[in-house]
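Have a look at start_13.txt; it's compact mmCIF, C-alpha atoms:
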```txt
# COMPACT_ATOMS: atom_id res chain seq x y z
CA MET A 248 -15.17 -20.48 21.56
CA SER A 249 -15.40 -20.01 25.33
CA GLN A 250 -16.44 -16.63 26.71
CA ILE A 251 -13.10 -16.12 28.43
CA HIS A 252 -11.30 -16.96 25.19
CA GLN A 253 -13.34 -14.31 23.41
CA LEU A 254 -12.50 -11.79 26.12
CA ARG A 255 -8.83 -12.61 25.84
CA LYS A 256 -8.97 -12.25 22.07
CA GLY A 257 -10.77 -8.92 22.46
CA SER A 258 -8.00 -7.66 24.72
CA THR A 259 -5.24 -8.52 22.22
CA PRO A 260 -4.83 -5.01 20.72
CA LEU A 261 -4.69 -3.46 24.20
CA LEU A 262 -2.06 -5.94 25.34
CA ILE A 263 0.09 -5.49 22.23
CA LEU A 264 -0.03 -1.70 22.48
CA SER A 265 0.90 -1.83 26.17
CA VAL A 266 3.97 -3.97 25.41
CA LEU A 267 5.05 -1.52 22.72
CA LEU A 268 4.64 1.53 24.95
CA PRO A 269 8.20 1.77 26.31
CA GLU A 270 10.10 0.92 23.11
CA LYS A 271 9.93 -0.65 19.67
CA LYS A 272 9.88 -4.46 19.55
CA TYR A 273 9.63 -7.29 17.03
CA GLY A 274 6.92 -9.95 17.05
CA TYR A 275 8.80 -12.66 18.95
CA GLN A 276 9.78 -10.16 21.68
CA ILE A 277 6.18 -9.02 22.03
CA MET A 278 5.00 -12.61 22.46
CA ARG A 279 7.61 -13.45 25.09
CA GLU A 280 7.09 -10.21 27.02
CA LEU A 281 3.34 -10.73 27.16
CA GLU A 282 3.91 -14.20 28.51
CA GLN A 283 6.38 -12.99 31.14
CA ARG A 284 4.35 -10.00 32.25
CA SER A 285 1.22 -12.13 32.74
CA ASP A 286 3.07 -15.09 34.32
CA GLY A 287 2.04 -17.24 31.38
CA TYR A 288 -1.65 -16.33 31.42
CA PHE A 289 -1.62 -14.40 28.15
CA THR A 290 0.10 -16.86 25.86
CA MET A 291 -0.66 -15.85 22.32
CA THR A 292 -0.04 -17.89 19.19
CA ALA A 293 1.82 -16.28 16.35
CA ALA A 294 -1.31 -16.90 14.25
CA LEU A 295 -3.16 -14.46 16.48
CA LEU A 296 -0.33 -12.01 17.11
CA TYR A 297 0.83 -11.19 13.57
CA PRO A 298 -2.55 -10.52 11.93
CA ALA A 299 -3.37 -8.37 14.99
CA LEU A 300 -0.12 -6.42 14.52
CA HIS A 301 -0.90 -5.88 10.84
CA GLU A 302 -4.43 -4.77 11.71
CA LEU A 303 -3.05 -2.26 14.22
CA GLU A 304 -0.68 -0.99 11.56
CA GLN A 305 -3.51 -0.58 9.04
CA GLU A 306 -5.38 1.44 11.65
CA GLY A 307 -2.34 3.68 12.14
CA LEU A 308 -1.86 2.66 15.78
CA VAL A 309 1.59 1.15 15.20
CA GLU A 310 4.28 1.59 12.55
CA SER A 311 6.69 -1.04 11.35
CA GLU A 312 10.19 -0.92 9.92
CA TRP A 313 12.58 -3.66 8.84
CA GLU A 314 15.86 -3.21 10.71
CA SER A 315 19.11 -5.14 10.86
CA ASP A 316 20.27 -6.65 14.14
CA PRO A 317 23.97 -7.49 14.38
CA GLY A 318 24.51 -11.13 13.40
CA CYS A 319 20.86 -11.72 12.53
CA ARG A 320 18.71 -11.36 9.47
CA LYS A 321 16.51 -8.26 9.29
CA ARG A 322 13.63 -8.06 11.71
CA LYS A 323 10.43 -6.12 11.52
CA TYR A 324 10.16 -3.78 14.48
CA TYR A 325 6.90 -2.24 15.60
CA THR A 326 6.59 1.19 17.22
CA ILE A 327 3.48 2.62 18.82
CA THR A 328 2.27 5.85 17.17
CA THR A 329 0.73 8.92 18.80
CA SER A 330 -2.73 7.64 17.81
CA GLY A 331 -1.76 4.27 19.27
CA ARG A 332 -0.88 5.88 22.61
CA ALA A 333 -4.21 7.72 22.66
CA ALA A 334 -6.08 4.49 21.75
CA LEU A 335 -4.23 2.61 24.48
CA GLN A 336 -5.14 5.22 27.08
CA GLU A 337 -8.78 5.14 26.01
CA SER A 338 -8.92 1.36 25.86
CA HIS A 339 -7.20 1.07 29.25
CA ALA A 340 -9.83 3.33 30.83
CA GLU A 341 -12.66 1.37 29.17
CA TRP A 342 -11.33 -1.96 30.44
CA GLN A 343 -10.85 -0.54 33.94
CA THR A 344 -14.47 0.65 33.98
CA PHE A 345 -15.64 -2.70 32.57
CA VAL A 346 -13.72 -4.80 35.09
CA ALA A 347 -14.67 -2.57 38.05
CA ASN A 348 -18.35 -2.68 37.11
CA LEU A 349 -18.24 -6.41 36.41
CA PHE A 350 -16.91 -7.20 39.88
CA LYS A 351 -19.15 -4.64 41.54
CA THR A 352 -22.12 -6.38 39.93
CA LEU A 353 -20.86 -9.88 40.73
CA GLU A 354 -19.89 -9.21 44.32
CA ASN A 355 -22.69 -6.91 45.47
CA PRO A 356 -25.97 -8.58 44.52
CA LEU A 357 -29.13 -6.76 45.56
CA PRO A 358 -30.95 -8.48 48.43
CA HIS A 359 -33.62 -10.92 47.24
CA PRO A 360 -37.10 -9.33 47.42
CA LYS A 361 -38.23 -12.02 49.92
CA GLU A 362 -35.38 -11.10 52.23
CA THR A 363 -36.19 -7.40 52.17
CA PRO A 364 -37.14 -6.35 55.74
CA LYS A 365 -40.73 -5.17 55.94
CA MET B 102 6.11 -30.07 10.95
CA ASN B 103 9.37 -28.11 10.86
CA ALA B 104 9.89 -24.39 10.18
CA ASP B 105 10.22 -24.83 6.40
CA ASP B 106 7.04 -26.92 6.22
CA TYR B 107 5.25 -24.25 8.21
CA LEU B 108 6.37 -21.51 5.82
CA ASP B 109 5.43 -23.60 2.77
CA ARG B 110 1.96 -24.24 4.14
CA LEU B 111 1.54 -20.58 5.05
CA ARG B 112 2.62 -19.59 1.54
CA GLY B 113 -0.21 -21.78 0.24
CA GLN B 114 -2.66 -19.96 2.52
CA LEU B 115 -1.52 -16.58 1.17
CA LYS B 116 -1.81 -17.39 -2.53
CA ASN B 117 -4.34 -14.60 -3.18
CA PHE B 118 -1.98 -11.96 -1.84
CA LEU B 119 0.18 -9.72 -3.98
CA PRO B 120 3.59 -11.41 -4.29
CA GLU B 121 5.38 -8.61 -2.39
CA GLN B 122 2.79 -8.66 0.39
CA GLN B 123 3.12 -12.45 0.60
CA ALA B 124 6.93 -12.18 0.67
CA ASP B 125 6.79 -9.55 3.41
CA ILE B 126 4.54 -11.69 5.63
CA LEU B 127 6.61 -14.83 5.03
CA ALA B 128 9.81 -12.93 5.79
CA GLU B 129 8.36 -11.74 9.09
CA ILE B 130 7.18 -15.21 10.10
CA ALA B 131 10.56 -16.68 9.05
CA THR B 132 12.33 -14.25 11.41
CA HIS B 133 9.91 -15.25 14.17
CA LEU B 134 10.78 -18.92 13.71
CA GLU B 135 14.46 -18.06 13.60
CA SER B 136 14.19 -15.99 16.80
CA GLY B 137 12.52 -18.95 18.53
CA GLU B 138 15.23 -21.34 17.35
CA GLN B 139 17.96 -19.00 18.62
CA ASP B 140 16.28 -18.23 21.96
CA GLU B 141 18.48 -20.07 24.46
CA THR B 142 16.20 -19.23 27.37
CA ARG B 143 13.90 -21.88 25.87
CA GLY B 144 16.32 -24.75 26.40
CA ALA B 145 19.72 -25.98 25.34
CA ASP B 146 18.64 -28.34 22.55
CA ALA B 147 18.25 -26.52 19.22
CA ASP B 148 15.89 -29.17 17.76
CA ALA B 149 13.67 -28.97 20.84
CA ARG B 150 13.61 -25.18 20.55
CA GLN B 151 12.56 -25.42 16.90
CA ALA B 152 9.82 -27.91 17.72
CA HIS B 153 8.65 -25.65 20.54
CA VAL B 154 8.48 -22.50 18.46
CA VAL B 155 6.60 -24.29 15.64
CA ALA B 156 4.18 -25.75 18.18
CA GLU B 157 3.24 -22.33 19.52
CA MET B 158 2.76 -20.76 16.09
CA GLY B 159 -0.88 -21.77 15.68
CA SER B 160 -1.86 -23.48 12.43
CA PRO B 161 -0.82 -22.01 9.04
CA ARG B 162 -4.51 -22.02 8.17
CA ASP B 163 -5.44 -19.89 11.21
CA MET B 164 -2.64 -17.48 10.42
CA GLY B 165 -3.66 -17.32 6.74
CA ASP B 166 -7.28 -16.67 7.76
CA GLY B 167 -6.10 -13.91 10.11
CA PHE B 168 -4.19 -12.14 7.34
CA GLN B 169 -7.07 -12.67 4.89
CA ALA B 170 -9.37 -10.90 7.36
CA VAL B 171 -6.98 -7.96 7.62
CA TYR B 172 -6.21 -7.44 3.91
CA GLN B 173 -9.07 -9.13 2.00
CA PRO B 174 -6.77 -9.59 -1.01
CA ASN B 175 -8.27 -9.96 -4.46
CA ARG B 176 -5.97 -9.15 -7.35
CA TRP B 177 -8.73 -9.43 -9.98
CA LEU B 178 -10.79 -6.88 -8.08
CA ASP B 179 -7.74 -4.61 -7.82
CA PHE B 180 -7.25 -4.91 -11.59
CA LEU B 181 -10.90 -4.07 -12.26
CA LEU B 182 -10.73 -1.12 -9.85
CA ILE B 183 -8.02 0.35 -12.06
CA PHE B 184 -9.26 -0.83 -15.46
CA VAL B 185 -12.95 0.11 -15.20
CA PRO B 186 -12.54 3.73 -13.97
CA LEU B 187 -9.61 4.41 -16.31
CA TYR B 188 -10.69 2.69 -19.51
CA VAL B 189 -14.48 2.65 -19.20
CA VAL B 190 -15.84 5.33 -16.81
CA TYR B 191 -13.39 8.11 -17.73
CA PRO B 192 -13.86 7.79 -21.53
CA LEU B 193 -17.65 7.56 -21.06
CA LEU B 194 -17.65 10.78 -19.02
CA LYS B 195 -15.70 12.50 -21.77
CA VAL B 196 -18.11 11.23 -24.42
CA GLY B 197 -21.00 12.39 -22.19
CA TYR B 198 -19.46 15.86 -22.00
CA ASN B 199 -19.18 15.94 -25.77
CA PHE B 200 -22.79 14.82 -26.12
CA LEU B 201 -24.04 17.54 -23.76
CA THR B 202 -21.94 20.40 -25.12
CA ASN B 203 -21.50 19.39 -28.76
CA GLY B 204 -17.88 20.36 -28.28
CA PRO B 205 -15.10 18.47 -30.02
CA ILE B 206 -13.21 15.85 -28.00
CA TYR B 207 -9.80 17.20 -28.80
CA TYR B 208 -7.12 18.41 -26.51
CA ASP B 209 -6.93 21.77 -28.30
CA ASN B 210 -10.45 22.44 -27.00
CA ALA B 211 -9.60 24.32 -23.78
CA LEU B 212 -13.00 23.73 -22.17
CA PHE B 213 -12.85 20.01 -22.88
CA LEU B 214 -9.31 19.81 -21.53
CA ALA B 215 -10.29 21.68 -18.34
CA PHE B 216 -13.29 19.33 -17.90
CA SER B 217 -11.35 16.13 -18.53
CA ILE B 218 -8.56 17.02 -16.06
CA ARG B 219 -11.08 17.85 -13.35
CA VAL B 220 -13.09 14.69 -13.96
CA ALA B 221 -9.90 12.61 -13.80
CA ILE B 222 -8.92 14.24 -10.50
CA VAL B 223 -12.34 13.64 -8.94
CA LEU B 224 -12.33 10.05 -10.20
CA GLY B 225 -8.83 9.57 -8.78
CA LEU B 226 -9.88 10.90 -5.37
CA VAL B 227 -12.92 8.60 -5.28
CA MET B 228 -10.70 5.65 -6.16
CA LEU B 229 -8.26 6.66 -3.43
CA ILE B 230 -11.07 6.32 -0.90
CA VAL B 231 -11.81 2.86 -2.34
CA ALA B 232 -8.08 2.00 -2.11
CA GLN B 233 -8.03 3.06 1.54
CA ARG B 234 -11.07 0.96 2.34
CA ARG B 235 -9.60 -2.06 0.54
CA ARG B 236 -6.22 -1.41 2.17
CA SER B 237 -4.65 -2.06 -1.20
CA LEU B 238 -1.13 -0.75 -1.67
CA LEU B 239 -1.37 -1.27 -5.42
CA LEU B 240 -4.57 0.74 -5.80
CA PHE B 241 -3.25 3.46 -3.52
CA ALA B 242 0.03 3.71 -5.45
CA PHE B 243 -1.74 3.88 -8.80
CA TRP B 244 -4.51 6.33 -7.96
CA SER B 245 -2.50 8.71 -5.78
CA SER B 246 0.18 9.01 -8.44
CA ASP B 247 -2.45 9.48 -11.14
CA ALA B 248 -4.20 12.22 -9.14
CA ILE B 249 -0.89 13.97 -8.39
CA THR B 250 0.10 13.97 -12.07
CA ARG B 251 -3.24 15.44 -13.10
CA LEU B 252 -3.17 18.03 -10.29
CA ILE B 253 0.26 19.17 -11.50
CA ALA B 254 -1.16 19.45 -15.03
CA LEU B 255 -4.15 21.44 -13.76
CA ILE B 256 -2.11 23.82 -11.63
CA SER B 257 0.56 24.44 -14.26
CA ARG B 258 -2.02 24.87 -17.04
CA GLU B 259 -4.19 27.25 -15.08
CA ALA B 260 -1.55 29.14 -13.09
CA LEU B 261 -2.89 32.56 -12.15
CA PRO B 262 -1.18 35.70 -13.40
CA ALA B 263 0.02 37.88 -10.48
CA ALA B 264 -2.58 40.55 -11.33
CA ASP B 265 -5.43 38.09 -10.77
CA LEU B 266 -4.40 37.36 -7.21
CA THR B 267 -6.23 40.45 -5.92
CA THR B 268 -9.05 40.64 -8.42
CA ARG B 269 -10.30 37.04 -8.55
CA PRO B 270 -10.67 35.67 -5.02
CA ALA B 271 -12.58 32.59 -6.25
CA ALA B 272 -9.74 31.70 -8.61
CA VAL B 273 -7.24 32.18 -5.80
CA LEU B 274 -9.24 29.85 -3.57
CA HIS B 275 -9.38 27.32 -6.40
CA SER B 276 -5.62 27.55 -6.76
CA VAL B 277 -5.01 27.24 -3.02
CA LEU B 278 -7.25 24.18 -2.85
CA GLY B 279 -5.38 22.62 -5.76
CA TRP B 280 -2.01 23.20 -4.09
CA ALA B 281 -3.26 21.95 -0.72
CA LEU B 282 -4.56 18.76 -2.35
CA LEU B 283 -1.35 18.30 -4.30
CA CYS B 284 0.88 18.77 -1.24
CA GLY B 285 -1.29 16.48 0.90
CA LEU B 286 -1.29 13.68 -1.69
CA ALA B 287 2.43 14.08 -2.39
CA TYR B 288 3.20 13.84 1.33
CA TRP B 289 0.98 10.78 1.71
CA LEU B 290 2.47 9.01 -1.31
CA THR B 291 6.02 9.85 -0.22
CA ARG B 292 5.38 8.35 3.21
CA VAL B 293 3.97 5.15 1.75
CA LEU B 294 6.75 4.80 -0.82
CA TRP B 295 9.42 5.50 1.78
CA LYS B 296 8.04 2.66 3.83
CA HIS B 297 8.18 0.38 0.78
CA ARG B 298 11.40 1.84 -0.59
CA ALA B 299 13.08 -1.58 -0.73
CA ASN B 300 10.38 -2.73 -3.14
CA LEU B 301 11.54 -1.05 -6.34
CA LEU B 302 8.81 -2.67 -8.41
CA ILE B 303 6.08 -0.89 -6.46
CA VAL B 304 8.10 2.34 -6.27
CA LEU B 305 8.51 2.41 -10.06
CA PHE B 306 4.87 1.47 -10.62
CA ALA B 307 3.81 4.40 -8.43
CA LEU B 308 6.25 6.90 -9.88
CA GLN B 309 5.96 6.04 -13.58
CA PRO B 310 3.18 8.57 -14.35
CA LEU B 311 5.24 11.30 -12.68
CA ILE B 312 8.48 10.35 -14.45
CA GLY B 313 6.58 10.07 -17.76
CA SER B 314 4.98 13.48 -17.24
CA LEU B 315 8.33 15.05 -16.45
CA ALA B 316 9.84 13.58 -19.61
CA GLY B 317 6.77 14.72 -21.55
CA TYR B 318 7.06 18.23 -20.13
CA ILE B 319 10.73 18.51 -21.10
CA THR B 320 10.18 17.23 -24.63
CA THR B 321 7.03 19.30 -25.24
CA THR B 322 8.81 22.45 -24.05
CA TYR B 323 11.68 21.60 -26.38
CA ALA B 324 9.26 21.02 -29.26
CA LEU B 325 7.57 24.39 -28.70
CA THR B 326 10.86 26.27 -28.35
CA ALA B 327 12.57 24.62 -31.32
CA GLY B 328 9.45 24.56 -33.49
CA VAL B 329 9.50 20.76 -33.78
CA ALA B 330 6.28 18.92 -34.63
CA PRO B 331 6.55 15.35 -33.30
CA GLN B 332 5.10 12.68 -35.58
CA TYR B 333 3.25 10.37 -33.20
CA PRO B 334 2.81 6.93 -34.70
CA TYR B 335 -0.68 5.46 -34.47
CA TRP B 336 -0.84 1.75 -34.96
CA THR B 337 -4.04 -0.21 -34.62
CA VAL B 338 -4.89 -3.81 -33.84
CA ALA B 339 -8.40 -4.85 -34.91
CA GLY B 340 -9.42 -1.21 -34.87
CA PHE B 341 -8.07 -0.53 -31.37
CA SER B 342 -5.06 1.63 -30.56
CA ALA B 343 -2.05 -0.67 -30.26
CA GLN B 344 -0.57 1.60 -27.56
CA GLY B 345 -3.81 1.45 -25.53
CA LEU B 346 -3.99 -2.34 -25.81
CA LEU B 347 -0.37 -2.67 -24.72
CA GLU B 348 -1.06 -0.45 -21.70
CA ILE B 349 -3.94 -2.73 -20.68
CA VAL B 350 -1.90 -5.91 -21.20
CA SER B 351 0.95 -4.38 -19.21
CA LEU B 352 -1.37 -3.38 -16.35
CA ALA B 353 -3.09 -6.77 -16.29
CA GLY B 354 0.26 -8.57 -16.27
CA PHE B 355 1.62 -6.38 -13.50
CA VAL B 356 -1.41 -6.82 -11.23
CA LEU B 357 -2.31 -10.44 -11.96
CA LEU B 358 0.97 -12.30 -12.53
CA ARG B 359 2.72 -13.96 -9.60
CA SER B 360 6.32 -14.07 -10.77
CA ARG B 361 8.22 -10.94 -9.81
CA ASP B 362 10.31 -11.04 -13.00
CA LEU B 363 7.24 -11.41 -15.21
CA ARG B 364 5.69 -8.44 -13.42
CA TRP B 365 8.82 -6.41 -14.16
CA VAL B 366 8.54 -7.47 -17.81
CA ALA B 367 4.86 -6.46 -17.86
CA LEU B 368 5.62 -3.05 -16.37
CA LEU B 369 8.54 -2.43 -18.72
CA LEU B 370 6.47 -3.58 -21.70
CA GLY B 371 3.99 -0.73 -21.17
CA MET B 372 6.48 1.94 -20.16
CA GLY B 373 9.21 0.90 -22.58
CA ASN B 374 6.83 0.80 -25.50
CA TYR B 375 5.57 4.28 -24.63
CA SER B 376 9.06 5.73 -24.38
CA MET B 377 10.11 4.10 -27.69
CA MET B 378 7.00 5.53 -29.35
CA MET B 379 7.86 9.00 -28.06
CA ALA B 380 11.50 8.69 -29.14
CA TYR B 381 10.25 7.62 -32.60
CA ALA B 382 7.92 10.63 -32.73
CA TYR B 383 10.79 13.07 -32.07
CA TRP B 384 13.40 11.34 -34.22
CA PRO B 385 16.00 12.70 -35.27
CA HIS B 386 16.00 15.49 -32.64
CA LEU B 387 18.66 14.47 -30.17
CA LEU B 388 17.42 16.01 -26.89
CA PRO B 389 13.88 14.56 -26.79
CA VAL B 390 15.08 11.19 -28.09
CA ALA B 391 17.78 11.14 -25.38
CA VAL B 392 15.20 12.05 -22.69
CA TRP B 393 12.93 9.16 -23.70
CA MET B 394 15.83 6.73 -23.99
CA LEU B 395 16.95 7.83 -20.52
CA TYR B 396 13.42 7.10 -19.28
CA SER B 397 13.78 3.49 -20.53
CA ALA B 398 17.31 3.24 -19.17
CA ILE B 399 16.16 4.27 -15.65
CA MET B 400 13.56 1.50 -15.66
CA LEU B 401 16.08 -1.12 -16.76
CA LEU B 402 18.54 0.09 -14.14
CA LEU B 403 15.91 -0.24 -11.40
CA TRP B 404 15.16 -3.80 -12.53
CA ILE B 405 18.85 -4.69 -12.34
CA ILE B 406 19.11 -3.16 -8.84
CA ASP B 407 16.00 -5.11 -7.83
CA LEU B 408 17.54 -8.36 -9.08
CA ARG B 409 20.70 -7.70 -7.08
CA GLN B 410 18.72 -6.87 -3.93
CA ARG B 411 16.44 -9.91 -4.23
CA GLY B 412 16.38 -12.04 -1.13
CA ARG B 413 17.98 -9.52 1.21
CA LEU B 414 14.67 -8.47 2.66
CA ALA B 415 11.93 -10.82 1.61
CA TYR B 416 11.68 -14.53 2.21
CA GLU B 417 12.44 -16.08 -1.19
```

Take the structure in the file and give it back as structure tokens.
Amino acid sequence: MSQIHQLRKGSTPLLILSVLLPEKKYGYQIMRELEQRSDGYFTMTAALLYPALHELEQEGLVESEWESDPGCRKRKYYTITTSGRAALQESHAEWQTFVANLFKTLENPLPHPKETPK
Amino acid sequence: MNADDYLDRLRGQLKNFLPEQQADILAEIATHLESGEQDETRGADADARQAHVVAEMGSPRDMGDGFQAVYQPNRWLDFLLIFVPLYVVYPLLKVGYNFLTNGPIYYDNALFLAFSIRVAIVLGLVMLIVAQRRRSLLLFAFWSSDAITRLIALISREALPAADLTTRPAAVLHSVLGWALLCGLAYWLTRVLWKHRANLLIVLFALQPLIGSLAGYITTTYALTAGVAPQYPYWTVAGFSAQGLLEIVSLAGFVLLRSRDLRWVALLLGMGNYSMMMAYAYWPHLLPVAVWMLYSAIMLLLWIIDLRQRGRLAYE
């Protein structure tokens, strides 16, 4: 698995929670919204999304409820919980720090010892 | 591969799961496939939309592995995590108490009764922690209900007289702790059962100790008031209590069988047999017999409701 793939997989819970922040959604909606919001960068398979949703539910970060939509069969809607909001905030801050420090490190290398003015 | 093939293959990947858990997952994935097929922003051709949504599912194996990692299902382990504490550890602790105190193992021995209820509560709480770690709905339903029933027995048996409230602070604290634990567990169980309220099989499995205790309380109170001495039958099979063996067979069937109807039969076998035994013990006194018959009737009614509801929620 490539490093970037691992990073993307690691960011899955954060992305799902962020999509659920404004309102409850069902799995297919979450997948489509992630795709739209990232201009197709974060395309997630259902095989990754649904176990991740169930994991988040087991951790108490989201809650689910089967609800009827007019003209459709029942759908399972996910809602972010208070703990989920707190986890999202924390995770958001951690990723911001990580990304900022990553680019700071990549873009500002220390001068090579040989180049140090005497 | 079309949507039905995908669901069939996924079902194969989820064969270790409890049937209701499997049905819930399959129902959710079926609605995902259906949403994709109906999503007209993905093109005008319905067949192309179906092919597209199946293509972006990921393999059934990957999805099955993902769910396995979340739930780690193992129905044999769940069965053993009920059977061993209830039918091996708990009796051994009671025998150990008898060995250490030389007291009789009878329920008219107040000290023994107080010990056995407390041990059962502690055991139940330990098993609840195990249930939480295993994320097992079945274990949680069983052990929370068991602990609640025993807490109610403890609190009602050892209710403090009003005069003791000021003179025995330790006893008051004990009582407050008992109530706090009872309320906390009852709230937790109610939340979980409300979430699974459409699954009457699990709801009945979780509530049966409470319903049985309520029926027992009513009939025992009647027996004490009316001076009735119930004649409990005691049948044995190869030296073992027939009732105990039936309870184990019922539990094993409920946890290990895959067919929902057979699991209903297994559950009703244990509960129905118990209620018939109690009705027999109180015969011909109308009220207790009626209470135990009502207990059986409620179970049958729930099964009928479950049959009528089948397929409305879960993917069948």

Using only C-alpha atoms and a cutoff of 12 Å, can you tell me which residues are near (-3.3, -15.6, 7.9) in the file's coordinates, and write them out as a PyMOL selection string? (chain A and resi 292-302) or (chain B and resi 108+110-118+122-123+126-127+130+158-174)

Quick one: of B:Leu315, B:Leu193, B:Leu238, B:Val231, who's nearest to chain A, counting only C-alpha atoms? B:Leu238

So, counting all atoms listed in the file, which residue among A:Ser338, A:Gln343, A:Gln253, A:Gln276 is closest to Lys323 of chain A? A:Gln276

Taking (4.4, -0.3, -30.5) in the file's coordinates as the center, which residues reach within 7 Å of it, counting only C-alpha atoms, put as an mmCIF file with C-alpha atoms, keeping the file's coordinate frame?
```
data_model
loop_
_atom_site.group_PDB
_atom_site.id
_atom_site.type_symbol
_atom_site.label_atom_id
_atom_site.label_comp_id
_atom_site.auth_asym_id
_atom_site.auth_seq_id
_atom_site.Cartn_x
_atom_site.Cartn_y
_atom_site.Cartn_z
ATOM 1 C CA ALA B 343 -2.050 -0.670 -30.260
ATOM 2 C CA GLN B 344 -0.570 1.600 -27.560
ATOM 3 C CA ASN B 374 6.830 0.800 -25.500
ATOM 4 C CA MET B 378 7.000 5.530 -29.350
#
```

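With distances restricted to only C-alpha atoms, A:Ser315 is the closest residue to chain B from A:Thr352, A:Ser315, A:Gln336, A:Ser265.
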
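Here the question is which of A:Val266, A:Met291, A:Leu281, A:Ala340 gets nearest to chain B using all atoms listed in the file, and that residue is A:Met291.
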
Atom CA of His339 of chain A to atom CA of Val309 of chain A: how many Å, to one decimal? 16.6 Å

Give me the residues within 9 Å of Ala242 of chain B as a VMD selection string, counting only C-alpha atoms and dropping any in the same chain fewer than 4 places off. chain B and resid 232 237 to 238 246 to 247 290 293 to 294 303 to 304 306 to 308

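From atom CA of Thr259 of chain A back to atom CA of Phe350 of chain A, the distance works out to 21.2 Å.
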
Between A:Pro269, A:Pro317, A:Gly274, A:Pro260, which one has atoms that come closest to chain B, using all atoms listed in the file? A:Gly274

Find, counting all atoms listed in the file, the residue in A:Glu314, A:Asp286, A:Glu337, A:Glu306 that gets nearest to Lys272 of chain A. A:Glu314

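Across the structure, atom CA of Tyr275 of chain A and atom CA of Glu341 of chain A are spaced 27.6 Å apart.
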
Test item: residues at most 8 Å from Leu224 of chain B, all atoms listed in the file, excluding those fewer than 3 positions along its chain, as a ChimeraX atom specification: /B:186,191,220-221,227-228

I'd like the contact shell of Ala248 of chain B - 8 Å cut-off, all atoms listed in the file, skipping same-chain residues fewer than 4 positions apart - returned as a list of chain:residue names. B:Ala221, B:Ile222, B:Gly225, B:Leu226, B:Trp244, B:Leu252

Tell me which protein, DNA and RNA residues are within 9 Å of segment 361-365 of chain B, counting all atoms listed in the file, leaving out same-chain ones fewer than 4 positions away, and put them as a PyMOL selection string. chain B and resi 120-121+302+351+354-357+369-370+404+408

Excluding same-chain residues fewer than 2 positions from Tyr323 of chain B, what lies within 12 Å of it counting only C-alpha atoms, as a ChimeraX atom specification? /B:316-321,325-331,383,386-390,392

Those same residues - C-alpha atoms - I'd like them written as a PDB file, in the coordinates of the input.
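File written: out-v5.pdb
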```pdb
ATOM      1  CA  ALA B 316       9.840  13.580 -19.610  1.00  0.00           C
ATOM      2  CA  GLY B 317       6.770  14.720 -21.550  1.00  0.00           C
ATOM      3  CA  TYR B 318       7.060  18.230 -20.130  1.00  0.00           C
ATOM      4  CA  ILE B 319      10.730  18.510 -21.100  1.00  0.00           C
ATOM      5  CA  THR B 320      10.180  17.230 -24.630  1.00  0.00           C
ATOM      6  CA  THR B 321       7.030  19.300 -25.240  1.00  0.00           C
ATOM      7  CA  LEU B 325       7.570  24.390 -28.700  1.00  0.00           C
ATOM      8  CA  THR B 326      10.860  26.270 -28.350  1.00  0.00           C
ATOM      9  CA  ALA B 327      12.570  24.620 -31.320  1.00  0.00           C
ATOM     10  CA  GLY B 328       9.450  24.560 -33.490  1.00  0.00           C
ATOM     11  CA  VAL B 329       9.500  20.760 -33.780  1.00  0.00           C
ATOM     12  CA  ALA B 330       6.280  18.920 -34.630  1.00  0.00           C
ATOM     13  CA  PRO B 331       6.550  15.350 -33.300  1.00  0.00           C
ATOM     14  CA  TYR B 383      10.790  13.070 -32.070  1.00  0.00           C
ATOM     15  CA  HIS B 386      16.000  15.490 -32.640  1.00  0.00           C
ATOM     16  CA  LEU B 387      18.660  14.470 -30.170  1.00  0.00           C
ATOM     17  CA  LEU B 388      17.420  16.010 -26.890  1.00  0.00           C
ATOM     18  CA  PRO B 389      13.880  14.560 -26.790  1.00  0.00           C
ATOM     19  CA  VAL B 390      15.080  11.190 -28.090  1.00  0.00           C
ATOM     20  CA  VAL B 392      15.200  12.050 -22.690  1.00  0.00           C
TER      21      VAL B 392
END
```
